[in-house]
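J.: This one is start_31.txt, compact mmCIF, C-alpha atoms and all ligand atoms.
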```txt
# COMPACT_ATOMS: atom_id res chain seq x y z
CA MET X 26 72.86 86.38 83.22
CA ASN X 27 70.20 84.77 81.04
CA ARG X 28 66.95 85.71 82.74
CA ILE X 29 64.87 83.34 80.58
CA PRO X 30 65.77 79.75 81.54
CA HIS X 31 64.77 78.28 78.18
CA PRO X 32 66.82 77.41 75.11
CA LYS X 33 66.25 79.46 71.98
CA ILE X 34 67.58 79.54 68.45
CA GLY X 35 68.28 82.73 66.48
CA LEU X 36 65.70 83.62 63.84
CA GLY X 37 65.14 87.37 64.17
CA HIS X 38 66.84 90.75 64.05
CA TRP X 39 66.90 92.25 67.55
CA PRO X 40 66.28 94.74 69.01
CA THR X 41 63.39 95.86 66.84
CA PRO X 42 63.29 99.64 66.27
CA LEU X 43 61.44 102.04 68.56
CA GLU X 44 60.22 105.11 66.67
CA PRO X 45 57.96 108.14 67.24
CA MET X 46 55.00 108.55 64.87
CA LEU X 47 55.94 112.10 64.03
CA ARG X 48 53.33 113.04 61.44
CA ILE X 49 50.42 111.38 63.26
CA ASN X 50 51.47 113.15 66.47
CA GLU X 51 51.63 116.45 64.61
CA MET X 52 48.12 115.86 63.29
CA HIS X 53 46.22 114.95 66.46
CA LYS X 54 48.23 116.98 69.02
CA GLY X 55 47.23 114.51 71.74
CA PRO X 56 49.37 111.98 73.57
CA GLU X 57 52.68 111.23 71.87
CA LEU X 58 52.43 107.95 69.94
CA TRP X 59 55.44 105.70 69.34
CA VAL X 60 55.74 102.35 67.61
CA LYS X 61 57.90 99.31 68.34
CA ARG X 62 58.51 97.67 64.98
CA GLU X 63 57.97 93.96 65.64
CA ASP X 64 57.03 93.83 61.95
CA CYS X 65 60.77 94.32 61.31
CA SER X 66 61.72 91.06 63.06
CA GLY X 67 63.47 89.90 59.90
CA LEU X 68 61.77 86.57 59.10
CA ALA X 69 59.65 86.36 55.92
CA PHE X 70 57.81 89.72 56.27
CA GLY X 71 58.37 89.74 60.04
CA GLY X 72 55.89 89.87 62.88
CA ASN X 73 55.33 88.75 66.44
CA LYS X 74 55.64 85.02 65.76
CA THR X 75 59.39 85.24 65.13
CA ARG X 76 60.19 85.68 68.83
CA LYS X 77 57.88 82.84 69.86
CA LEU X 78 59.32 80.52 67.22
CA GLU X 79 62.87 81.08 68.50
CA TYR X 80 61.84 79.22 71.68
CA LEU X 81 59.43 76.75 70.07
CA LEU X 82 61.97 75.61 67.47
CA ALA X 83 64.65 75.14 70.10
CA ASP X 84 62.18 72.88 71.91
CA ALA X 85 61.32 71.06 68.66
CA GLN X 86 64.99 70.47 67.92
CA LEU X 87 65.63 69.16 71.45
CA LYS X 88 62.81 66.67 70.86
CA GLY X 89 64.34 65.55 67.55
CA ALA X 90 61.48 66.89 65.41
CA THR X 91 61.53 66.35 61.66
CA THR X 92 58.26 68.12 60.77
CA LEU X 93 56.40 71.05 62.30
CA LEU X 94 52.61 71.04 62.22
CA THR X 95 50.55 74.11 63.01
CA ALA X 96 47.11 75.57 62.41
CA GLY X 97 45.27 78.84 61.90
CA GLY X 98 42.97 80.71 59.53
CA VAL X 99 43.67 80.73 55.78
CA GLN X 100 45.55 84.03 56.13
CA SER X 101 47.38 83.08 59.33
CA ASN X 102 50.53 85.13 59.90
CA HIS X 103 51.59 82.54 62.44
CA ALA X 104 51.41 79.76 59.83
CA ARG X 105 53.52 81.83 57.40
CA GLN X 106 56.19 82.55 60.00
CA THR X 107 56.23 78.91 61.13
CA ALA X 108 56.76 77.81 57.52
CA ALA X 109 59.62 80.31 57.20
CA ALA X 110 61.24 79.14 60.44
CA ALA X 111 60.98 75.51 59.32
CA ALA X 112 62.60 76.41 55.99
CA ARG X 113 65.42 78.23 57.81
CA VAL X 114 66.35 75.25 59.96
CA GLY X 115 65.56 72.49 57.44
CA LEU X 116 62.42 70.97 58.96
CA GLY X 117 59.29 69.88 57.12
CA CYS X 118 56.20 72.01 57.69
CA GLU X 119 52.50 71.19 57.36
CA LEU X 120 49.84 73.87 57.83
CA PHE X 121 46.19 73.21 58.70
CA LEU X 122 44.32 76.29 57.53
CA GLU X 123 40.65 76.83 58.24
CA GLN X 124 38.32 78.84 56.01
CA VAL X 125 37.21 82.09 57.67
CA GLU X 126 33.49 82.37 57.13
CA ALA X 127 33.06 86.12 57.40
CA VAL X 128 35.50 87.19 54.68
CA VAL X 129 34.22 87.48 51.13
CA GLU X 130 37.33 88.95 49.47
CA PRO X 131 38.22 87.39 46.10
CA ASP X 132 41.97 87.32 46.88
CA TYR X 133 41.54 85.79 50.31
CA ASN X 134 41.96 82.18 49.25
CA HIS X 135 45.04 82.46 47.07
CA SER X 136 47.06 85.63 47.76
CA GLY X 137 48.73 87.17 50.85
CA ASN X 138 50.04 84.78 53.48
CA LEU X 139 48.74 81.72 51.63
CA LEU X 140 50.84 82.53 48.57
CA VAL X 141 53.88 82.93 50.80
CA ASP X 142 53.17 79.62 52.61
CA HIS X 143 53.49 77.84 49.27
CA LEU X 144 56.70 79.69 48.37
CA LEU X 145 58.18 78.68 51.71
CA GLY X 146 57.65 75.04 50.83
CA ALA X 147 54.95 74.23 53.38
CA ARG X 148 52.38 71.51 52.72
CA VAL X 149 49.01 73.20 53.08
CA HIS X 150 45.85 71.36 54.21
CA GLN X 151 42.84 73.64 53.63
CA LEU X 152 39.91 72.78 55.91
CA PRO X 153 36.31 74.03 55.95
CA TYR X 154 35.10 76.52 58.56
CA GLY X 155 34.37 74.94 61.95
CA GLN X 156 36.68 71.94 61.52
CA ASP X 157 38.53 70.68 64.62
CA LEU X 158 42.07 71.75 63.70
CA ASP X 159 43.69 70.10 66.71
CA ALA X 160 42.08 66.77 65.83
CA ALA X 161 43.25 67.10 62.22
CA MET X 162 46.82 67.79 63.38
CA ASP X 163 46.77 64.92 65.89
CA LEU X 164 45.63 62.51 63.19
CA ARG X 165 48.34 63.65 60.78
CA ALA X 166 50.96 63.53 63.56
CA LYS X 167 50.07 59.89 64.17
CA THR X 168 50.46 59.06 60.47
CA LEU X 169 53.84 60.81 60.40
CA THR X 170 54.96 58.97 63.54
CA ASP X 171 53.90 55.65 62.03
CA SER X 172 56.06 56.41 59.00
CA GLY X 173 59.13 57.04 61.20
CA GLN X 174 59.05 60.82 61.34
CA VAL X 175 58.99 63.00 64.47
CA PRO X 176 56.15 65.53 64.28
CA TYR X 177 56.10 68.59 66.53
CA ILE X 178 52.81 70.43 66.96
CA VAL X 179 53.22 74.18 67.34
CA PRO X 180 50.07 75.46 69.10
CA VAL X 181 47.81 77.98 67.34
CA GLY X 182 49.50 81.37 67.43
CA GLY X 183 52.60 79.82 69.04
CA SER X 184 50.92 80.64 72.33
CA ASN X 185 51.90 78.16 74.98
CA ALA X 186 54.25 79.05 77.84
CA VAL X 187 57.34 78.15 75.78
CA GLY X 188 56.30 80.35 72.84
CA ALA X 189 55.30 83.20 75.14
CA MET X 190 58.93 83.32 76.34
CA GLY X 191 59.52 85.21 73.09
CA TYR X 192 57.52 88.10 74.49
CA VAL X 193 59.25 87.86 77.84
CA HIS X 194 62.34 88.49 75.72
CA CYS X 195 60.58 91.46 74.11
CA GLY X 196 59.72 92.90 77.56
CA LEU X 197 63.35 92.68 78.66
CA GLU X 198 64.51 94.19 75.35
CA LEU X 199 62.06 97.08 75.66
CA ALA X 200 63.18 97.75 79.24
CA GLU X 201 66.78 98.03 77.99
CA GLN X 202 65.75 100.36 75.16
CA LEU X 203 63.88 102.60 77.60
CA GLN X 204 66.90 102.79 79.86
CA ALA X 205 69.31 103.47 77.00
CA LYS X 206 67.08 106.15 75.44
CA LYS X 207 66.00 107.61 78.82
CA LEU X 208 62.41 107.19 77.70
CA SER X 209 59.23 106.09 79.47
CA PHE X 210 55.75 105.10 78.32
CA ASP X 211 52.40 105.46 80.08
CA ALA X 212 50.77 102.54 78.23
CA ILE X 213 51.43 99.94 75.56
CA VAL X 214 48.69 99.02 73.07
CA LEU X 215 48.71 95.78 71.06
CA ALA X 216 46.45 93.34 69.23
CA THR X 217 45.63 90.26 71.31
CA GLY X 218 44.46 86.93 69.89
CA SER X 219 46.00 83.66 71.04
CA ALA X 220 47.30 85.69 74.04
CA GLY X 221 51.03 84.84 74.01
CA THR X 222 52.14 88.34 73.07
CA GLN X 223 50.23 90.12 75.84
CA ALA X 224 50.97 87.45 78.48
CA GLY X 225 54.67 87.21 77.61
CA LEU X 226 55.12 90.99 77.46
CA LEU X 227 53.47 91.47 80.85
CA ALA X 228 55.72 88.78 82.34
CA GLY X 229 58.82 90.26 80.69
CA LEU X 230 58.12 93.78 81.89
CA ALA X 231 57.46 92.49 85.41
CA LEU X 232 60.74 90.54 85.28
CA ALA X 233 62.52 93.76 84.27
CA GLY X 234 60.79 95.68 87.08
CA VAL X 235 58.99 97.98 84.62
CA ASP X 236 55.37 98.83 85.36
CA ILE X 237 53.58 99.94 82.18
CA PRO X 238 49.91 99.04 81.58
CA VAL X 239 49.54 96.76 78.53
CA LEU X 240 46.19 97.23 76.76
CA GLY X 241 45.08 94.38 74.51
CA ILE X 242 42.68 95.06 71.66
CA THR X 243 40.84 91.79 71.03
CA VAL X 244 40.41 90.48 67.48
CA SER X 245 37.71 87.85 68.04
CA ARG X 246 36.67 87.51 71.68
CA SER X 247 34.90 89.39 74.45
CA SER X 248 37.25 91.16 76.82
CA ILE X 249 36.20 88.83 79.68
CA GLU X 250 37.14 85.71 77.70
CA GLN X 251 40.36 87.27 76.41
CA CYS X 252 41.46 88.53 79.85
CA ASP X 253 40.93 84.99 81.21
CA LYS X 254 43.03 83.52 78.42
CA VAL X 255 45.84 86.04 78.92
CA LEU X 256 45.82 85.65 82.72
CA THR X 257 45.99 81.84 82.59
CA LEU X 258 48.96 81.93 80.21
CA LEU X 259 50.63 84.78 82.13
CA HIS X 260 50.59 82.73 85.34
CA GLU X 261 51.95 79.65 83.51
CA VAL X 262 54.79 81.75 82.14
CA GLN X 263 55.49 83.32 85.52
CA SER X 264 55.64 79.93 87.21
CA LEU X 265 58.17 78.71 84.59
CA LEU X 266 60.17 81.86 85.31
CA LYS X 267 59.76 81.25 89.07
CA GLN X 268 58.30 84.74 89.39
CA PRO X 269 55.38 85.83 91.57
CA ASN X 270 52.01 85.97 89.78
CA LEU X 271 50.84 89.39 88.64
CA HIS X 272 47.35 90.24 89.88
CA GLU X 273 44.49 90.01 87.36
CA ASP X 274 44.14 93.82 87.43
CA HIS X 275 47.21 93.94 85.17
CA VAL X 276 45.35 92.22 82.34
CA ILE X 277 43.32 94.79 80.42
CA CYS X 278 41.44 94.11 77.15
CA PHE X 279 39.07 96.09 74.94
CA ASP X 280 36.61 94.21 72.73
CA GLN X 281 34.76 96.96 70.87
CA TYR X 282 37.12 97.23 67.90
CA TYR X 283 37.06 93.90 66.05
CA GLY X 284 33.63 94.44 64.51
CA ALA X 285 31.27 91.63 63.56
CA ALA X 286 33.79 88.78 63.49
CA TYR X 287 37.43 87.75 63.28
CA GLY X 288 38.93 88.93 60.01
CA GLU X 289 35.88 90.91 58.94
CA PRO X 290 36.86 94.43 57.84
CA THR X 291 35.60 97.46 59.78
CA ALA X 292 35.45 101.07 58.56
CA ALA X 293 37.72 102.13 61.46
CA MET X 294 40.31 99.48 60.51
CA ILE X 295 40.37 100.75 56.91
CA GLU X 296 40.79 104.33 58.15
CA ALA X 297 43.60 103.29 60.53
CA VAL X 298 45.46 101.27 57.88
CA ARG X 299 45.26 104.21 55.45
CA LEU X 300 46.30 106.75 58.06
CA ALA X 301 49.38 104.80 59.19
CA ALA X 302 50.39 104.14 55.58
CA SER X 303 49.84 107.65 54.23
CA LEU X 304 51.27 109.60 57.18
CA GLU X 305 53.99 107.29 58.50
CA GLY X 306 54.81 104.90 55.64
CA LEU X 307 53.80 102.18 58.10
CA LEU X 308 52.03 99.09 56.78
CA LEU X 309 49.55 97.64 59.28
CA ASP X 310 47.29 94.66 58.55
CA PRO X 311 43.51 94.22 58.23
CA VAL X 312 42.98 91.57 60.94
CA TYR X 313 45.19 92.49 63.91
CA THR X 314 47.24 95.68 63.85
CA GLY X 315 44.74 97.66 61.75
CA LYS X 316 41.99 96.98 64.29
CA ALA X 317 44.34 97.52 67.25
CA PHE X 318 45.55 100.84 65.86
CA ALA X 319 41.92 101.84 65.18
CA GLY X 320 41.29 101.08 68.86
CA LEU X 321 44.25 103.19 69.92
CA LEU X 322 43.08 106.13 67.79
CA ASP X 323 39.58 105.83 69.23
CA LEU X 324 40.91 105.78 72.80
CA VAL X 325 42.98 108.88 71.98
CA ARG X 326 39.97 110.67 70.48
CA HIS X 327 37.83 109.86 73.50
CA GLY X 328 40.41 111.23 75.95
CA TYR X 329 41.31 107.86 77.52
CA PHE X 330 44.95 109.03 77.67
CA GLY X 331 46.19 112.37 79.01
CA THR X 332 47.46 114.74 76.29
CA SER X 333 50.94 114.79 77.81
CA GLU X 334 51.21 110.98 78.01
CA ARG X 335 53.44 108.86 75.80
CA ILE X 336 51.88 105.68 74.36
CA LEU X 337 53.63 102.79 72.61
CA PHE X 338 51.93 100.82 69.84
CA LEU X 339 53.37 97.35 69.35
CA HIS X 340 53.32 96.72 65.60
CA THR X 341 53.05 92.94 65.57
CA GLY X 342 53.23 92.54 61.78
CA GLY X 343 50.74 90.91 59.40
CA SER X 344 51.21 93.12 56.32
CA PRO X 345 51.09 90.22 53.79
CA ALA X 346 47.37 89.93 54.60
CA LEU X 347 46.87 93.36 52.99
CA PHE X 348 47.05 91.62 49.62
CA ALA X 349 44.22 89.28 50.61
CA TYR X 350 41.96 92.30 51.24
CA SER X 351 42.52 94.17 48.00
CA GLN X 352 38.82 94.82 47.45
CA CYS X 353 38.16 96.69 50.69
CA LEU X 354 41.57 98.34 50.91
CA GLY X 355 41.99 99.20 47.25
CA GLU X 356 41.28 102.62 45.76
CA ASN X 357 39.83 105.28 48.10
C1 LIG D 401 49.90 90.41 63.09
C2 LIG D 401 49.47 89.84 64.38
N1 LIG D 401 49.35 90.66 65.43
C3 LIG D 401 48.93 90.20 66.63
C4 LIG D 401 48.61 88.88 66.83
C5 LIG D 401 48.12 88.46 68.16
O1 LIG D 401 49.14 87.90 68.93
P1 LIG D 401 48.80 86.75 69.95
O2 LIG D 401 48.24 85.62 69.14
O3 LIG D 401 50.09 86.42 70.59
O4 LIG D 401 47.79 87.28 70.91
C6 LIG D 401 48.73 87.97 65.75
C7 LIG D 401 48.38 86.56 65.94
O5 LIG D 401 48.33 85.78 65.06
C8 LIG D 401 49.17 88.47 64.51
O6 LIG D 401 49.29 87.65 63.44
```
Could I get this structure in the form of C-alpha cells?
Ligand SMILES: Cc1ncc(COP(=O)(O)O)c(C=O)c1O

T.:
Amino acid sequence: MNRIPHPKIGLGHWPTPLEPMLRINEMHKGPELWVKREDCSGLAFGGNKTRKLEYLLADAQLKGATTLLTAGGVQSNHARQTAAAAARVGLGCELFLEQVEAVVEPDYNHSGNLLVDHLLGARVHQLPYGQDLDAAMDLRAKTLTDSGQVPYIVPVGGSNAVGAMGYVHCGLELAEQLQAKKLSFDAIVLATGSAGTQAGLLAGLALAGVDIPVLGITVSRSSIEQCDKVLTLLHEVQSLLKQPNLHEDHVICFDQYYGAAYGEPTAAMIEAVRLAASLEGLLLDPVYTGKAFAGLLDLVRHGYFGTSERILFLHTGGSPALFAYSQCLGEN
C-alpha cells in the first residue's frame, strides 16, 4: 500500500546507503556514529532536494508546467538540484539567486553550485542581498504567463507540504532499513534550514511507528524560530497524511553551531569537514552538513549522548559548495 497519498516521479537512487563511520568511531570511542548517505541520491551531485523534487515535479507536471522558478542563495544546493530535475524532465528552469553578504570567498560568485547551475541549462537571475525573492519570482511568473507559458514556483528549499513528502518517504525507507538490518538508533542529527527535511522525516518516522528523536542543527535561525517553522510544516504534512499531530516536544533544534551568519565559515565547521574527509572519505559541505556535523561532534564531546548509544547523521549533501570556499578550506 502506498502510504504517501501524493504522486511522485522518479529522480533518485533509493534506498540511500546506511553506513557506520568506522574510523571516527575508533578515534573518539564514544557513541557509535552512522551516516545515511542522502548525498548519494543520484541527481547532479545528490542531496536532500532530490526526494522533495520527486513530489514537487509530479505536482508541476499535473499542473501543466513548462518552466520551474525557484530561489535561494548564490550557492543554493536546492537551486542546483531543481535545475537538474528540470533538465531531466525537459522543463525550463529559472533561478533567482541572492548574494550572501557574509561570505567573502573569491570563488563564491562563479564556482561550486553556480557553475553547475549554468551547465544544467538554468537561466540565472543574480539579485543583491536583501532583495524580495518571492516578489521577483512572482513578477517573472506573470511575464511568462503573459507569453503563454505555465510557470511553477518551487518554494525556497522545496519546503512546502508537498516537497516535505520526500522526507516522509525517507522516514519510511529508514524504518525499513532498520528492520532489515536489525538496527536501532537513539537519535538522528541533521542540518535544518527551510525545515522540510526535519518536518518530513519526523512525519515519516511517526507514520512508520518509529520513535527516534530528530535533532536539527540550525544554519541561520534561533532554535525558537526554527522549531516554530518545523512544527508548522510538520502539522501541515501530518494533516495531508491524515495522521495525528506530533506534540511540539518532538521538535528539537540547536542554534549554537552556525556561527555569525548563514554561510559564514566557522572554525568548528572547517575541523568537521576535514575530519569527515580525512577519516571517512566523506565530503560534507561548508554551509549545512559541515556545521551540523560540527554540532554532532560537539554534542558527543560534551556527553550529550550516552557512550553506548548509536547516533545517525543524515548527510544531506551540498559538496559542490566546497569549491566555492576554496580559500578557507584549502591547504591546512
Ligand atoms: C546540503 C543541505 N543540507 C541541509 C539542508 C536543509 O534542509 P531543509 O531546507 O529541508 O531544512 C539544505 C537546504 O538547502 C541543504 O542544501

J.: What is the atom CA of Leu87 of chain X to atom CA of Gln174 of chain X distance in Å?

T.: 14.7 Å

J.: List every residue of segment 34-71 of chain X that has an atom at most 12 Å from any atom of segment 215-235 of chain X, giving for each one its closest atom pair and the distance in Å to one decimal, counting all atoms listed in the file, sorted by chain and then by ascending residue number, as CSV.

T.:
```
residue,atom,partner,partner_atom,distance
X:Val60,CA,X:Leu215,CA,10.2
X:Lys61,CA,X:Leu215,CA,10.2
X:Arg62,CA,X:Leu215,CA,11.7
X:Glu63,CA,X:Leu215,CA,10.9
```

J.: What is the atom CA of Leu43 of chain X-atom CA of Glu305 of chain X distance in Å, reported with one decimal?

T.: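 Rounded to one decimal, the two atoms are 13.6 Å apart.
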
J.: Contacts of Ala297 of chain X at 8 Å or less, counting all atoms listed in the file, minus same-chain residues fewer than 3 places along, as a list in words?

T.: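 Everything that qualifies: Ala293, Met294, Leu300, Ala301, Gly315, Lys316, Phe318, Ala319 and Leu322 of chain X.
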
J.: Find, counting only C-alpha atoms, the residue in X:Gln86, X:Ile34, X:Phe70, X:Leu139 that gets nearest to Val175 of chain X.

T.: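 Comparing X:Gln86, X:Ile34, X:Phe70, X:Leu139 against Val175 of chain X, the winner is X:Gln86.
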
J.: Complete segment 280-311 of chain X at the level of N, CA and C atoms, written as a short mmCIF file (atom, residue, chain, number, x, y, z; two decimals), in the frame of the given file.

T.:
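Result file follows (out_14.cif):
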```
data_model
loop_
_atom_site.label_atom_id
_atom_site.label_comp_id
_atom_site.auth_asym_id
_atom_site.auth_seq_id
_atom_site.Cartn_x
_atom_site.Cartn_y
_atom_site.Cartn_z
N ASP X 280 37.18 95.09 73.77
CA ASP X 280 36.61 94.21 72.73
C ASP X 280 35.70 94.93 71.74
N GLN X 281 35.72 96.26 71.74
CA GLN X 281 34.76 96.96 70.87
C GLN X 281 35.33 97.33 69.51
N TYR X 282 36.49 96.78 69.15
CA TYR X 282 37.12 97.23 67.90
C TYR X 282 37.25 96.16 66.82
N TYR X 283 36.84 94.92 67.10
CA TYR X 283 37.06 93.90 66.05
C TYR X 283 35.87 93.77 65.10
N GLY X 284 34.76 94.43 65.43
CA GLY X 284 33.63 94.44 64.51
C GLY X 284 32.78 93.20 64.65
N ALA X 285 32.25 92.71 63.50
CA ALA X 285 31.27 91.63 63.56
C ALA X 285 31.93 90.28 63.81
N ALA X 286 33.15 90.10 63.35
CA ALA X 286 33.79 88.78 63.49
C ALA X 286 35.29 88.89 63.20
N TYR X 287 36.00 87.85 63.58
CA TYR X 287 37.43 87.75 63.28
C TYR X 287 37.65 87.92 61.78
N GLY X 288 38.55 88.80 61.42
CA GLY X 288 38.93 88.93 60.01
C GLY X 288 37.99 89.78 59.18
N GLU X 289 36.83 90.12 59.73
CA GLU X 289 35.88 90.91 58.94
C GLU X 289 36.30 92.38 58.99
N PRO X 290 36.41 93.03 57.84
CA PRO X 290 36.86 94.43 57.84
C PRO X 290 35.90 95.35 58.59
N THR X 291 36.44 96.40 59.19
CA THR X 291 35.60 97.46 59.78
C THR X 291 36.02 98.78 59.13
N ALA X 292 35.13 99.76 59.14
CA ALA X 292 35.45 101.07 58.56
C ALA X 292 36.62 101.69 59.32
N ALA X 293 36.64 101.52 60.65
CA ALA X 293 37.72 102.13 61.46
C ALA X 293 39.07 101.47 61.15
N MET X 294 39.06 100.16 60.88
CA MET X 294 40.31 99.48 60.51
C MET X 294 40.84 100.06 59.19
N ILE X 295 39.94 100.24 58.22
CA ILE X 295 40.37 100.75 56.91
C ILE X 295 40.95 102.16 57.09
N GLU X 296 40.30 102.96 57.90
CA GLU X 296 40.79 104.33 58.15
C GLU X 296 42.17 104.27 58.82
N ALA X 297 42.32 103.37 59.80
CA ALA X 297 43.60 103.29 60.53
C ALA X 297 44.73 102.79 59.63
N VAL X 298 44.43 101.80 58.79
CA VAL X 298 45.46 101.27 57.88
C VAL X 298 45.90 102.38 56.91
N ARG X 299 44.92 103.13 56.40
CA ARG X 299 45.26 104.21 55.45
C ARG X 299 46.04 105.33 56.13
N LEU X 300 45.64 105.66 57.34
CA LEU X 300 46.30 106.75 58.06
C LEU X 300 47.77 106.40 58.33
N ALA X 301 48.00 105.20 58.86
CA ALA X 301 49.38 104.80 59.19
C ALA X 301 50.23 104.73 57.92
N ALA X 302 49.63 104.25 56.83
CA ALA X 302 50.39 104.14 55.58
C ALA X 302 50.69 105.52 55.01
N SER X 303 49.66 106.38 54.96
CA SER X 303 49.84 107.65 54.23
C SER X 303 50.59 108.69 55.04
N LEU X 304 50.55 108.60 56.38
CA LEU X 304 51.27 109.60 57.18
C LEU X 304 52.61 109.10 57.72
N GLU X 305 52.76 107.80 57.87
CA GLU X 305 53.99 107.29 58.50
C GLU X 305 54.74 106.30 57.61
N GLY X 306 54.17 105.93 56.46
CA GLY X 306 54.81 104.90 55.64
C GLY X 306 54.83 103.56 56.36
N LEU X 307 53.85 103.36 57.23
CA LEU X 307 53.80 102.18 58.10
C LEU X 307 52.68 101.26 57.62
N LEU X 308 53.04 100.02 57.29
CA LEU X 308 52.03 99.09 56.78
C LEU X 308 51.49 98.23 57.90
N LEU X 309 50.24 98.47 58.27
CA LEU X 309 49.55 97.64 59.28
C LEU X 309 48.89 96.47 58.55
N ASP X 310 48.00 95.76 59.22
CA ASP X 310 47.29 94.66 58.55
C ASP X 310 45.81 94.74 58.87
N PRO X 311 44.96 94.06 58.07
CA PRO X 311 43.51 94.22 58.23
C PRO X 311 42.91 93.48 59.42
#
```
